Amino acid sequence: MRHSISTYTLFSEPIDEAIDRLIADGWKSIELMGEGAHHGRLLFDMDPARLTEISDRAKDKGVSFGLHLPISGFNPALADEETEAIWQQCLPVIESLDVKYVLLHPGENPSIEAGIESTARFAQKMLEDLPAKTDLVVENIPAMKNGIGVSIDQLISILHKINDHCAQMMLDTGHCYMNEREHFLAECEKAIPYLYGLHINDNHGEHDEHLQIGEGMIPFERLLLLLKEKEVEYVLETNTVERAEHSKREIMKFIQDDESGDN
């Protein structure tokens, strides 16, 4: 089982302190949440020496990173000057920390078609800028006015237009359940051929609560059955480390029980 923990679990802490704590706790794969003025945004103004220190410690402990790009102001669906400026700020962090993937929210555009086209074009540019070994991952977003990437079909269209094997999908279980509660499993099934991984968090279908598996109403057992033959990364994006640990145990228990049943 491939699994990661998001620094969102420690969102109230400066991101370098969150990274230090998660490494000390033994996590080997960490998704850096690049949002929050007092959390992930600190990465992009961080002293290069501190970035090198984080990178060296991670390598010494066998830790790898993914980077969830900023959300506020970063809008590939319109690809304005602010989006380009933020992307240029991200590149030194990506290089310094040797991240294995970067994750983006498509953003907003009054035209769905234009938003999909813009996201795909900007993503192609991003891939040109990225190291060859770094993947690009597009995430579904919660329903919002002019939102692009709300449906799995929109993400699939973006990926088809990018047309690069390094571009894949991150399925956020919480966002998907909020958007498509009655058709949640059908939406997830559409995503499977394109999946890099999943953001694992639970909710009750109304708000993005970032709960542990079992605290909300998402049918995780049925979702995990759909993923039985698919190798994916489970990114634990809950609102506390304890909830992430619980969700990891639940996934591992299901996988182990399922494998026992196959024998």
# chains A, B, ... in the order shown; residues from 1 in each chain; ligands from 1
>>> residues_around(residues="segment 107-113 of chain A", least_positions_apart="5", cutoff="10 Å", atoms="only C-alpha atoms", output="ChimeraX atom specification")
/A:71-79,118-119,140-141,144-150,154,157-158
>>> closest_atom_pairs(of="segment 96-154 of chain A", to="segment 225-247 of chain A", cutoff="12 Å", atoms="only C-alpha atoms", output="JSON lines")
{"residue": "A:Lys100", "atom": "CA", "partner": "A:Glu233", "partner_atom": "CA", "distance": 11.9}
{"residue": "A:Tyr101", "atom": "CA", "partner": "A:Glu233", "partner_atom": "CA", "distance": 11.4}
{"residue": "A:Leu103", "atom": "CA", "partner": "A:Val235", "partner_atom": "CA", "distance": 11.8}
{"residue": "A:Val137", "atom": "CA", "partner": "A:Glu233", "partner_atom": "CA", "distance": 11.8}
>>> residues_around(residues="segment 33-36 of chain A", least_positions_apart="3", cutoff="9 Å", atoms="only C-alpha atoms", output="list in words")
Ser6, Thr7, Tyr8, Phe11, Ser12, Ile15, His39, Gly40, Arg41, Leu42, Leu43, Phe44, Gly66, Leu67, His68, Leu69, Pro70, Ile71 and Ser72 of chain A
>>> write_last_selection(atoms="C-alpha atoms", output="mmCIF file, in the first residue's frame")
data_model
loop_
_atom_site.group_PDB
_atom_site.id
_atom_site.type_symbol
_atom_site.label_atom_id
_atom_site.label_comp_id
_atom_site.auth_asym_id
_atom_site.auth_seq_id
_atom_site.Cartn_x
_atom_site.Cartn_y
_atom_site.Cartn_z
ATOM 1 C CA SER A 6 -0.750 15.767 4.085
ATOM 2 C CA THR A 7 0.639 18.643 6.127
ATOM 3 C CA TYR A 8 -2.993 19.798 6.191
ATOM 4 C CA PHE A 11 -2.396 23.282 9.163
ATOM 5 C CA SER A 12 -2.151 25.548 12.208
ATOM 6 C CA ILE A 15 4.977 24.168 7.329
ATOM 7 C CA HIS A 39 1.388 27.327 6.744
ATOM 8 C CA GLY A 40 2.209 26.315 3.183
ATOM 9 C CA ARG A 41 2.664 29.775 1.684
ATOM 10 C CA LEU A 42 5.726 30.121 3.904
ATOM 11 C CA LEU A 43 7.487 27.627 1.632
ATOM 12 C CA PHE A 44 7.657 30.066 -1.242
ATOM 13 C CA GLY A 66 4.469 15.758 -3.129
ATOM 14 C CA LEU A 67 3.429 19.393 -3.437
ATOM 15 C CA HIS A 68 -0.162 20.609 -3.395
ATOM 16 C CA LEU A 69 0.175 23.913 -5.222
ATOM 17 C CA PRO A 70 -1.406 27.081 -3.789
ATOM 18 C CA ILE A 71 -5.143 27.580 -4.282
ATOM 19 C CA SER A 72 -5.732 31.281 -3.656
#
>>> closest_residue(among="A:Ala18, A:Ile218, A:Met126, A:Ala186", to="Ile200 of chain A", atoms="only C-alpha atoms")
A:Ile218
>>> residues_around(residues="Ser55 of chain A", least_positions_apart="4", cutoff="8 Å", atoms="only C-alpha atoms", output="list in words")
Leu51, Lys59, Ser96, Leu97 and Asp98 of chain A
>>> write_last_selection(atoms="N, CA and C atoms", output="compact mmCIF listing (two decimals), in the first residue's frame")
# COMPACT_ATOMS: atom_id res chain seq x y z
N LEU A 51 15.34 25.40 3.06
CA LEU A 51 14.83 24.39 2.13
C LEU A 51 15.83 23.26 1.96
N LYS A 59 15.95 13.27 2.83
CA LYS A 59 16.73 12.24 2.14
C LYS A 59 17.41 11.30 3.13
N SER A 96 14.27 22.18 -5.08
CA SER A 96 15.01 22.00 -3.82
C SER A 96 14.57 20.75 -3.07
N LEU A 97 13.25 20.50 -3.06
CA LEU A 97 12.71 19.38 -2.28
C LEU A 97 12.53 18.12 -3.12
N ASP A 98 12.87 18.20 -4.41
CA ASP A 98 12.86 17.01 -5.28
C ASP A 98 11.51 16.31 -5.22
>>> select_by_dssp(residues="segment 163-236 of chain A", states="strand (DSSP E or B)", output="number ranges by chain")
A: 167-172, 195-200, 202, 211, 233-236
>>> select_by_dssp(residues="segment 12-253 of chain A", states="helix (DSSP H, G or I)", output="PyMOL selection string")
chain A and resi 15-24+40-45+48-61+81-97+112-129+152-162+173-179+181-194+220-226+241-253
>>> write_last_selection(atoms="C-alpha atoms", output="JSON list (two decimals), in the first residue's frame")
[["chain", "number", "residue", "atom", "x", "y", "z"],
["A", 15, "ILE", "CA", 4.98, 24.17, 7.33],
["A", 16, "ASP", "CA", 8.64, 23.57, 8.16],
["A", 17, "GLU", "CA", 7.67, 22.68, 11.73],
["A", 18, "ALA", "CA", 4.89, 20.42, 10.42],
["A", 19, "ILE", "CA", 7.37, 18.65, 8.13],
["A", 20, "ASP", "CA", 9.85, 18.18, 10.98],
["A", 21, "ARG", "CA", 7.14, 16.69, 13.19],
["A", 22, "LEU", "CA", 5.84, 14.29, 10.53],
["A", 23, "ILE", "CA", 9.35, 13.09, 9.71],
["A", 24, "ALA", "CA", 10.03, 12.58, 13.41],
["A", 40, "GLY", "CA", 2.21, 26.31, 3.18],
["A", 41, "ARG", "CA", 2.66, 29.78, 1.68],
["A", 42, "LEU", "CA", 5.73, 30.12, 3.90],
["A", 43, "LEU", "CA", 7.49, 27.63, 1.63],
["A", 44, "PHE", "CA", 7.66, 30.07, -1.24],
["A", 45, "ASP", "CA", 9.47, 32.78, 0.72],
["A", 48, "PRO", "CA", 17.07, 28.54, 0.45],
["A", 49, "ALA", "CA", 19.30, 27.26, 3.25],
["A", 50, "ARG", "CA", 16.23, 26.15, 5.22],
["A", 51, "LEU", "CA", 14.83, 24.39, 2.13],
["A", 52, "THR", "CA", 18.16, 22.60, 1.72],
["A", 53, "GLU", "CA", 18.10, 21.61, 5.39],
["A", 54, "ILE", "CA", 14.59, 20.14, 5.00],
["A", 55, "SER", "CA", 15.62, 18.32, 1.82],
["A", 56, "ASP", "CA", 18.76, 16.86, 3.40],
["A", 57, "ARG", "CA", 16.87, 15.65, 6.46],
["A", 58, "ALA", "CA", 14.16, 14.08, 4.28],
["A", 59, "LYS", "CA", 16.73, 12.24, 2.14],
["A", 60, "ASP", "CA", 18.55, 11.05, 5.25],
["A", 61, "LYS", "CA", 15.28, 9.58, 6.58],
["A", 81, "GLU", "CA", -0.29, 36.96, -14.60],
["A", 82, "GLU", "CA", -0.77, 36.13, -10.92],
["A", 83, "THR", "CA", -1.02, 32.42, -11.75],
["A", 84, "GLU", "CA", 2.21, 32.56, -13.74],
["A", 85, "ALA", "CA", 3.96, 34.51, -10.97],
["A", 86, "ILE", "CA", 2.91, 31.97, -8.32],
["A", 87, "TRP", "CA", 4.08, 29.12, -10.54],
["A", 88, "GLN", "CA", 7.51, 30.74, -10.88],
["A", 89, "GLN", "CA", 7.67, 30.98, -7.08],
["A", 90, "CYS", "CA", 6.90, 27.27, -6.82],
["A", 91, "LEU", "CA", 9.65, 26.04, -9.13],
["A", 92, "PRO", "CA", 12.61, 26.59, -6.75],
["A", 93, "VAL", "CA", 10.72, 24.72, -4.01],
["A", 94, "ILE", "CA", 9.97, 21.83, -6.38],
["A", 95, "GLU", "CA", 13.63, 21.61, -7.35],
["A", 96, "SER", "CA", 15.01, 22.00, -3.82],
["A", 97, "LEU", "CA", 12.71, 19.38, -2.28],
["A", 112, "ILE", "CA", -16.33, 25.56, -18.80],
["A", 113, "GLU", "CA", -14.93, 24.91, -22.27],
["A", 114, "ALA", "CA", -12.47, 27.81, -22.08],
["A", 115, "GLY", "CA", -11.50, 26.82, -18.53],
["A", 116, "ILE", "CA", -10.72, 23.26, -19.59],
["A", 117, "GLU", "CA", -8.66, 24.52, -22.55],
["A", 118, "SER", "CA", -6.75, 27.02, -20.42],
["A", 119, "THR", "CA", -6.01, 24.47, -17.69],
["A", 120, "ALA", "CA", -4.69, 21.98, -20.22],
["A", 121, "ARG", "CA", -2.47, 24.57, -21.92],
["A", 122, "PHE", "CA", -1.06, 25.81, -18.62],
["A", 123, "ALA", "CA", -0.49, 22.23, -17.47],
["A", 124, "GLN", "CA", 1.47, 21.50, -20.64],
["A", 125, "LYS", "CA", 3.67, 24.49, -19.88],
["A", 126, "MET", "CA", 4.09, 23.27, -16.31],
["A", 127, "LEU", "CA", 5.26, 19.88, -17.57],
["A", 128, "GLU", "CA", 7.88, 21.61, -19.73],
["A", 129, "ASP", "CA", 9.15, 23.43, -16.62],
["A", 152, "ILE", "CA", -14.71, 13.87, -13.08],
["A", 153, "ASP", "CA", -15.71, 14.28, -16.73],
["A", 154, "GLN", "CA", -14.15, 17.76, -16.74],
["A", 155, "LEU", "CA", -10.90, 16.40, -15.30],
["A", 156, "ILE", "CA", -10.85, 13.63, -17.89],
["A", 157, "SER", "CA", -11.26, 16.23, -20.64],
["A", 158, "ILE", "CA", -8.33, 18.21, -19.20],
["A", 159, "LEU", "CA", -6.13, 15.11, -19.09],
["A", 160, "HIS", "CA", -7.02, 14.13, -22.64],
["A", 161, "LYS", "CA", -6.05, 17.60, -23.84],
["A", 162, "ILE", "CA", -2.78, 17.55, -21.89],
["A", 173, "THR", "CA", -13.08, 11.67, -1.84],
["A", 174, "GLY", "CA", -14.58, 14.49, 0.22],
["A", 175, "HIS", "CA", -15.04, 16.84, -2.74],
["A", 176, "CYS", "CA", -16.53, 14.07, -4.86],
["A", 177, "TYR", "CA", -19.03, 13.07, -2.19],
["A", 178, "MET", "CA", -20.12, 16.68, -1.66],
["A", 179, "ASN", "CA", -20.60, 17.15, -5.42],
["A", 181, "ARG", "CA", -23.53, 12.24, -3.24],
["A", 182, "GLU", "CA", -26.12, 10.08, -5.02],
["A", 183, "HIS", "CA", -23.69, 9.04, -7.79],
["A", 184, "PHE", "CA", -20.47, 9.00, -5.76],
["A", 185, "LEU", "CA", -19.30, 5.50, -6.68],
["A", 186, "ALA", "CA", -20.12, 5.97, -10.36],
["A", 187, "GLU", "CA", -18.05, 9.17, -10.40],
["A", 188, "CYS", "CA", -15.17, 7.40, -8.67],
["A", 189, "GLU", "CA", -15.33, 4.54, -11.15],
["A", 190, "LYS", "CA", -14.91, 7.00, -14.05],
["A", 191, "ALA", "CA", -11.71, 8.28, -12.43],
["A", 192, "ILE", "CA", -10.00, 4.92, -11.91],
["A", 193, "PRO", "CA", -8.16, 4.64, -15.28],
["A", 194, "TYR", "CA", -6.60, 8.08, -14.71],
["A", 220, "PHE", "CA", -15.19, 3.77, 1.72],
["A", 221, "GLU", "CA", -15.47, 0.00, 1.82],
["A", 222, "ARG", "CA", -17.29, -0.04, -1.51],
["A", 223, "LEU", "CA", -14.82, 2.48, -2.95],
["A", 224, "LEU", "CA", -11.85, 0.35, -1.89],
["A", 225, "LEU", "CA", -13.44, -2.65, -3.59],
["A", 226, "LEU", "CA", -13.50, -0.65, -6.84],
["A", 241, "VAL", "CA", -2.62, 13.52, 12.43],
["A", 242, "GLU", "CA", -4.62, 11.19, 14.66],
["A", 243, "ARG", "CA", -7.42, 11.04, 12.09],
["A", 244, "ALA", "CA", -4.88, 10.30, 9.37],
["A", 245, "GLU", "CA", -3.45, 7.44, 11.42],
["A", 246, "HIS", "CA", -6.94, 6.04, 11.97],
["A", 247, "SER", "CA", -7.74, 6.21, 8.24],
["A", 248, "LYS", "CA", -4.48, 4.49, 7.37],
["A", 249, "ARG", "CA", -5.32, 1.64, 9.75],
["A", 250, "GLU", "CA", -8.80, 1.31, 8.25],
["A", 251, "ILE", "CA", -7.44, 1.08, 4.70],
["A", 252, "MET", "CA", -4.74, -1.41, 5.68],
["A", 253, "LYS", "CA", -7.25, -3.52, 7.58]]
>>> atom_distance(atom1="atom CA of Leu10 of chain A", atom2="atom CA of Ser151 of chain A")
28.4 Å
>>> atom_distance(atom1="atom CA of Leu136 of chain A", atom2="atom CA of Phe254 of chain A")
28.7 Å
>>> atom_distance(atom1="atom CA of Ser29 of chain A", atom2="atom CA of Val63 of chain A")
5.5 Å
